[in-house]
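Comments concern the structure below.
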Amino acid sequence: MNWTGVIPAMTTAFREDLSVDHDFVARHAAWMVEAGCTGIVALGSLGEGATLTFEEKAAILKTCVKALGNGAPVAAGVSALSTAEAVKLAKMAADQGCQGLMVLPPYVYSTDWREMKAHVVAILRATPLSCMLYNNPVAYKTDFLPEQIAELAGECANLAAVKESSADVRRVTALRSILGNRLRILVGVDDLIVEGVAVGAEGWIAGLVNAFPRESVALFTAAQRGQVTSKLYSWFLPLLRLDTVPKFVQMIKLAQAAVEMGNPRVRPPRLQLEGAELRETQAVIQTALAHRPKG
């Protein structure tokens, strides 16, 4: 798994009865890769992984791997309430043909480093797959500090990358200072991509890419070239900010619906937006579409 470039944190499409729409999942994954994305991550937060059964997760990964074939790798988000379940998920992902794992802390239980390290190491050692640690203290109440990540990297050779979603760009420089080039560093917050790349991030686990893959790849390329004042960035920024709020799943799926590449259905406890929230989100999306860059 090459943890560089634009890698979508893919949404999960649902039919009217809220069953998984595998036909669309396959088409969506292929569409993003055709636009220049270098792989996909399925079953993450944006993929509503917490609402999916084990069997549904296995079927989604199988669909994605088949859809992309040799075109791009598939990584599976691995998160669970227990270490045993997380290890089971990791092994299942390997069996389904995934080439990487995105390793999350356990849901609900945020603990000390001794316990958290044991959980993460168990997942890392469950398969030989290339792994990316997901650091998102805002959402998961667990903060993997640079020194702790370095400890994991020293003990587990297949830890290859970090998805840094603390929203603190200084974490990228701290990781580089401690680890050099031992790990790939990827930005996991959409509206921090330009700043993250400027200080050394090599990849982007992106959200709005689900609706705007061509623009996402173009923005990442512009960031690599230092074009932080590009018109594309100014246009994209209001959309990217939709990725940074609690109802980001609903908002990104609305963006997909607006470009006719998805629908707004989500699984409870999430509900579709309504009222002022819906109108405000639609206004951001429609303004962006009205001024969408050409080419």
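Residue numbering restarts at 1 for every chain of the structure tokens, chains are lettered A, B, ... in their displayed order, and ligands are numbered from 1 as they appear.
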Near stretch 222-224 of chain A, within 12 Å and counting only C-alpha atoms, which residues show up once chain neighbours fewer than 2 positions away are dropped, as a PyMOL selection string?
chain A and resi 4-6+191-204+215-220+226-233
Written file, previous selection with N, CA and C atoms, as a PDB file, in the first residue's frame:
```pdb
ATOM      1  N   THR A   4       0.302   7.594  -0.275  1.00  0.00           N
ATOM      2  CA  THR A   4       0.555   8.941  -0.775  1.00  0.00           C
ATOM      3  C   THR A   4      -0.573   9.350  -1.708  1.00  0.00           C
ATOM      4  N   GLY A   5      -0.640  10.650  -1.990  1.00  0.00           N
ATOM      5  CA  GLY A   5      -1.662  11.145  -2.900  1.00  0.00           C
ATOM      6  C   GLY A   5      -3.008  11.322  -2.213  1.00  0.00           C
ATOM      7  N   VAL A   6      -4.040  11.426  -3.017  1.00  0.00           N
ATOM      8  CA  VAL A   6      -5.396  11.636  -2.511  1.00  0.00           C
ATOM      9  C   VAL A   6      -6.088  10.275  -2.377  1.00  0.00           C
ATOM     10  N   ASP A 191      -9.861  20.821   5.494  1.00  0.00           N
ATOM     11  CA  ASP A 191      -9.481  22.229   5.324  1.00  0.00           C
ATOM     12  C   ASP A 191      -8.076  22.535   5.846  1.00  0.00           C
ATOM     13  N   LEU A 192      -7.303  21.485   6.134  1.00  0.00           N
ATOM     14  CA  LEU A 192      -5.920  21.666   6.557  1.00  0.00           C
ATOM     15  C   LEU A 192      -4.937  21.121   5.522  1.00  0.00           C
ATOM     16  N   ILE A 193      -5.439  20.774   4.352  1.00  0.00           N
ATOM     17  CA  ILE A 193      -4.591  20.088   3.387  1.00  0.00           C
ATOM     18  C   ILE A 193      -3.444  20.959   2.886  1.00  0.00           C
ATOM     19  N   VAL A 194      -3.696  22.212   2.603  1.00  0.00           N
ATOM     20  CA  VAL A 194      -2.631  23.075   2.084  1.00  0.00           C
ATOM     21  C   VAL A 194      -1.540  23.268   3.130  1.00  0.00           C
ATOM     22  N   GLU A 195      -1.938  23.547   4.365  1.00  0.00           N
ATOM     23  CA  GLU A 195      -0.963  23.744   5.434  1.00  0.00           C
ATOM     24  C   GLU A 195      -0.202  22.460   5.736  1.00  0.00           C
ATOM     25  N   GLY A 196      -0.915  21.330   5.728  1.00  0.00           N
ATOM     26  CA  GLY A 196      -0.280  20.062   6.029  1.00  0.00           C
ATOM     27  C   GLY A 196       0.776  19.683   5.006  1.00  0.00           C
ATOM     28  N   VAL A 197       0.453  19.843   3.740  1.00  0.00           N
ATOM     29  CA  VAL A 197       1.411  19.525   2.685  1.00  0.00           C
ATOM     30  C   VAL A 197       2.616  20.466   2.767  1.00  0.00           C
ATOM     31  N   ALA A 198       2.367  21.712   3.118  1.00  0.00           N
ATOM     32  CA  ALA A 198       3.456  22.694   3.185  1.00  0.00           C
ATOM     33  C   ALA A 198       4.519  22.303   4.205  1.00  0.00           C
ATOM     34  N   VAL A 199       4.124  21.560   5.249  1.00  0.00           N
ATOM     35  CA  VAL A 199       5.103  21.187   6.280  1.00  0.00           C
ATOM     36  C   VAL A 199       5.486  19.708   6.216  1.00  0.00           C
ATOM     37  N   GLY A 200       5.125  19.032   5.128  1.00  0.00           N
ATOM     38  CA  GLY A 200       5.676  17.701   4.942  1.00  0.00           C
ATOM     39  C   GLY A 200       4.728  16.543   4.777  1.00  0.00           C
ATOM     40  N   ALA A 201       3.418  16.757   4.827  1.00  0.00           N
ATOM     41  CA  ALA A 201       2.479  15.658   4.608  1.00  0.00           C
ATOM     42  C   ALA A 201       2.555  15.203   3.157  1.00  0.00           C
ATOM     43  N   GLU A 202       2.424  13.897   2.958  1.00  0.00           N
ATOM     44  CA  GLU A 202       2.573  13.323   1.618  1.00  0.00           C
ATOM     45  C   GLU A 202       1.267  12.767   1.062  1.00  0.00           C
ATOM     46  N   GLY A 203       0.222  12.814   1.853  1.00  0.00           N
ATOM     47  CA  GLY A 203      -1.047  12.267   1.390  1.00  0.00           C
ATOM     48  C   GLY A 203      -2.215  12.935   2.071  1.00  0.00           C
ATOM     49  N   TRP A 204      -3.392  12.644   1.555  1.00  0.00           N
ATOM     50  CA  TRP A 204      -4.625  13.263   2.043  1.00  0.00           C
ATOM     51  C   TRP A 204      -5.717  12.204   2.076  1.00  0.00           C
ATOM     52  N   GLU A 215     -11.329  17.887  -8.550  1.00  0.00           N
ATOM     53  CA  GLU A 215     -10.860  19.098  -7.872  1.00  0.00           C
ATOM     54  C   GLU A 215      -9.950  18.759  -6.688  1.00  0.00           C
ATOM     55  N   SER A 216     -10.238  17.653  -6.006  1.00  0.00           N
ATOM     56  CA  SER A 216      -9.404  17.250  -4.869  1.00  0.00           C
ATOM     57  C   SER A 216      -7.995  16.913  -5.315  1.00  0.00           C
ATOM     58  N   VAL A 217      -7.884  16.159  -6.391  1.00  0.00           N
ATOM     59  CA  VAL A 217      -6.564  15.812  -6.914  1.00  0.00           C
ATOM     60  C   VAL A 217      -5.832  17.061  -7.390  1.00  0.00           C
ATOM     61  N   ALA A 218      -6.549  17.963  -8.041  1.00  0.00           N
ATOM     62  CA  ALA A 218      -5.935  19.203  -8.517  1.00  0.00           C
ATOM     63  C   ALA A 218      -5.452  20.069  -7.357  1.00  0.00           C
ATOM     64  N   LEU A 219      -6.245  20.130  -6.266  1.00  0.00           N
ATOM     65  CA  LEU A 219      -5.844  20.935  -5.115  1.00  0.00           C
ATOM     66  C   LEU A 219      -4.625  20.334  -4.431  1.00  0.00           C
ATOM     67  N   PHE A 220      -4.594  19.025  -4.301  1.00  0.00           N
ATOM     68  CA  PHE A 220      -3.443  18.378  -3.682  1.00  0.00           C
ATOM     69  C   PHE A 220      -2.178  18.660  -4.501  1.00  0.00           C
ATOM     70  N   GLY A 226       3.132  24.443  -3.881  1.00  0.00           N
ATOM     71  CA  GLY A 226       3.177  25.671  -3.107  1.00  0.00           C
ATOM     72  C   GLY A 226       2.247  26.761  -3.581  1.00  0.00           C
ATOM     73  N   GLN A 227       1.231  26.391  -4.340  1.00  0.00           N
ATOM     74  CA  GLN A 227       0.300  27.377  -4.898  1.00  0.00           C
ATOM     75  C   GLN A 227      -0.867  27.613  -3.930  1.00  0.00           C
ATOM     76  N   VAL A 228      -0.554  28.139  -2.754  1.00  0.00           N
ATOM     77  CA  VAL A 228      -1.566  28.286  -1.709  1.00  0.00           C
ATOM     78  C   VAL A 228      -2.563  29.401  -2.008  1.00  0.00           C
ATOM     79  N   THR A 229      -2.266  30.234  -2.952  1.00  0.00           N
ATOM     80  CA  THR A 229      -3.199  31.316  -3.294  1.00  0.00           C
ATOM     81  C   THR A 229      -4.002  30.986  -4.543  1.00  0.00           C
ATOM     82  N   SER A 230      -3.996  29.731  -4.922  1.00  0.00           N
ATOM     83  CA  SER A 230      -4.678  29.354  -6.153  1.00  0.00           C
ATOM     84  C   SER A 230      -6.177  29.635  -6.058  1.00  0.00           C
ATOM     85  N   LYS A 231      -6.778  29.965  -7.190  1.00  0.00           N
ATOM     86  CA  LYS A 231      -8.218  30.196  -7.241  1.00  0.00           C
ATOM     87  C   LYS A 231      -8.985  28.933  -6.864  1.00  0.00           C
ATOM     88  N   LEU A 232      -8.411  27.796  -7.173  1.00  0.00           N
ATOM     89  CA  LEU A 232      -9.056  26.529  -6.837  1.00  0.00           C
ATOM     90  C   LEU A 232      -9.219  26.393  -5.331  1.00  0.00           C
ATOM     91  N   TYR A 233      -8.195  26.762  -4.572  1.00  0.00           N
ATOM     92  CA  TYR A 233      -8.269  26.658  -3.110  1.00  0.00           C
ATOM     93  C   TYR A 233      -9.346  27.578  -2.554  1.00  0.00           C
TER      94      TYR A 233
END
```
Could you please write out, as a ChimeraX atom specification, every residue of stretch 139-181 of chain A that DSSP assigns to helix (DSSP H, G or I)?
/A:139-140,146-155,170-179
Could you please determine the separation between atom CA of A:Leu271 and atom CA of A:Leu289 in Å, to one decimal place?
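Rounded to one decimal, the two atoms are 24.4 Å apart.
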How many Å lie between atom CA of A:Lys141 and atom CA of A:Leu273, rounded to one decimal?
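Going from atom CA of A:Lys141 over to atom CA of A:Leu273 covers 25.6 Å.
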Any idea what the distance is between atom CA of A:Asp17 and atom CA of A:Glu277?
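Atom CA of A:Asp17 sits 24.1 Å away from atom CA of A:Glu277.
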Just checking: using only C-alpha atoms, which residue out of A:His119, A:Arg225, A:Arg114, A:Arg265 ends up closest to A:Arg15?
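Smallest separation from A:Arg15 among the options: A:Arg265.
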Polymer residues at most 12 Å from A:Ala59, only C-alpha atoms, same-chain spacing of 2 or more positions, as a ChimeraX atom specification:
/A:12,19-23,25-26,42-43,52-57,61-66,76,92-93,95-97
Taking only C-alpha atoms into account, name the residue in A:Thr127, A:Gly47, A:Ala258, A:Pro269 that is nearest to A:Ala290.
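So, comparing all the options, the nearest one is A:Ala258.
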Option closest in space to A:Thr51, from A:Val108, A:Ser165, A:Val209, A:Arg267 [counting only C-alpha atoms]:
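That would be A:Arg267, the residue with the smallest distance to A:Thr51.
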Picked from stretch 4-148 of chain A by DSSP as strand (DSSP E), as a list in words:
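Strand (DSSP E) members of stretch 4-148 of chain A, listed: Gly5, Val6, Ile7, Pro8, Ile40, Val41, Ala42, Val74, Ala75, Ala76, Gly77, Val78, Gly100, Leu101, Met102, Val103, Ser130, Cys131, Met132, Leu133, Tyr134 and Asn135 of chain A.
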Nearest residue to A:Leu89 out of A:Thr142, A:Met251, A:Met102, A:Trp3, using only C-alpha atoms?
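For A:Leu89, the nearest of the given residues is A:Met102.
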Proximity to A:Ala206 - best of A:Gln250, A:Gln148, A:Gln99, A:Ser45, only C-alpha atoms
A:Ser45
Using only C-alpha atoms, which residues sit within 9 Å of A:Thr244 once same-chain residues fewer than 4 positions away are excluded, as a list in words?
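These residues fall inside the cut-off: Val189, Asp190, Asp191, Leu240 and Phe248 of chain A.
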Export N, CA and C atoms of the chosen residues as a CSV table (one decimal), in the first residue's frame?
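Below is the file that was written, selection07.csv:
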```
chain,number,residue,atom,x,y,z
A,189,VAL,N,-7.9,16.1,7.8
A,189,VAL,CA,-8.8,17.1,8.0
A,189,VAL,C,-8.8,17.9,6.7
A,190,ASP,N,-10.0,18.0,6.0
A,190,ASP,CA,-10.0,18.5,4.7
A,190,ASP,C,-9.5,20.0,4.6
A,191,ASP,N,-9.9,20.8,5.5
A,191,ASP,CA,-9.5,22.2,5.3
A,191,ASP,C,-8.1,22.5,5.8
A,240,LEU,N,-14.7,22.3,1.8
A,240,LEU,CA,-13.8,21.5,2.6
A,240,LEU,C,-14.2,21.7,4.1
A,248,PHE,N,-20.7,15.9,9.4
A,248,PHE,CA,-20.0,15.9,8.1
A,248,PHE,C,-20.5,14.8,7.2
```
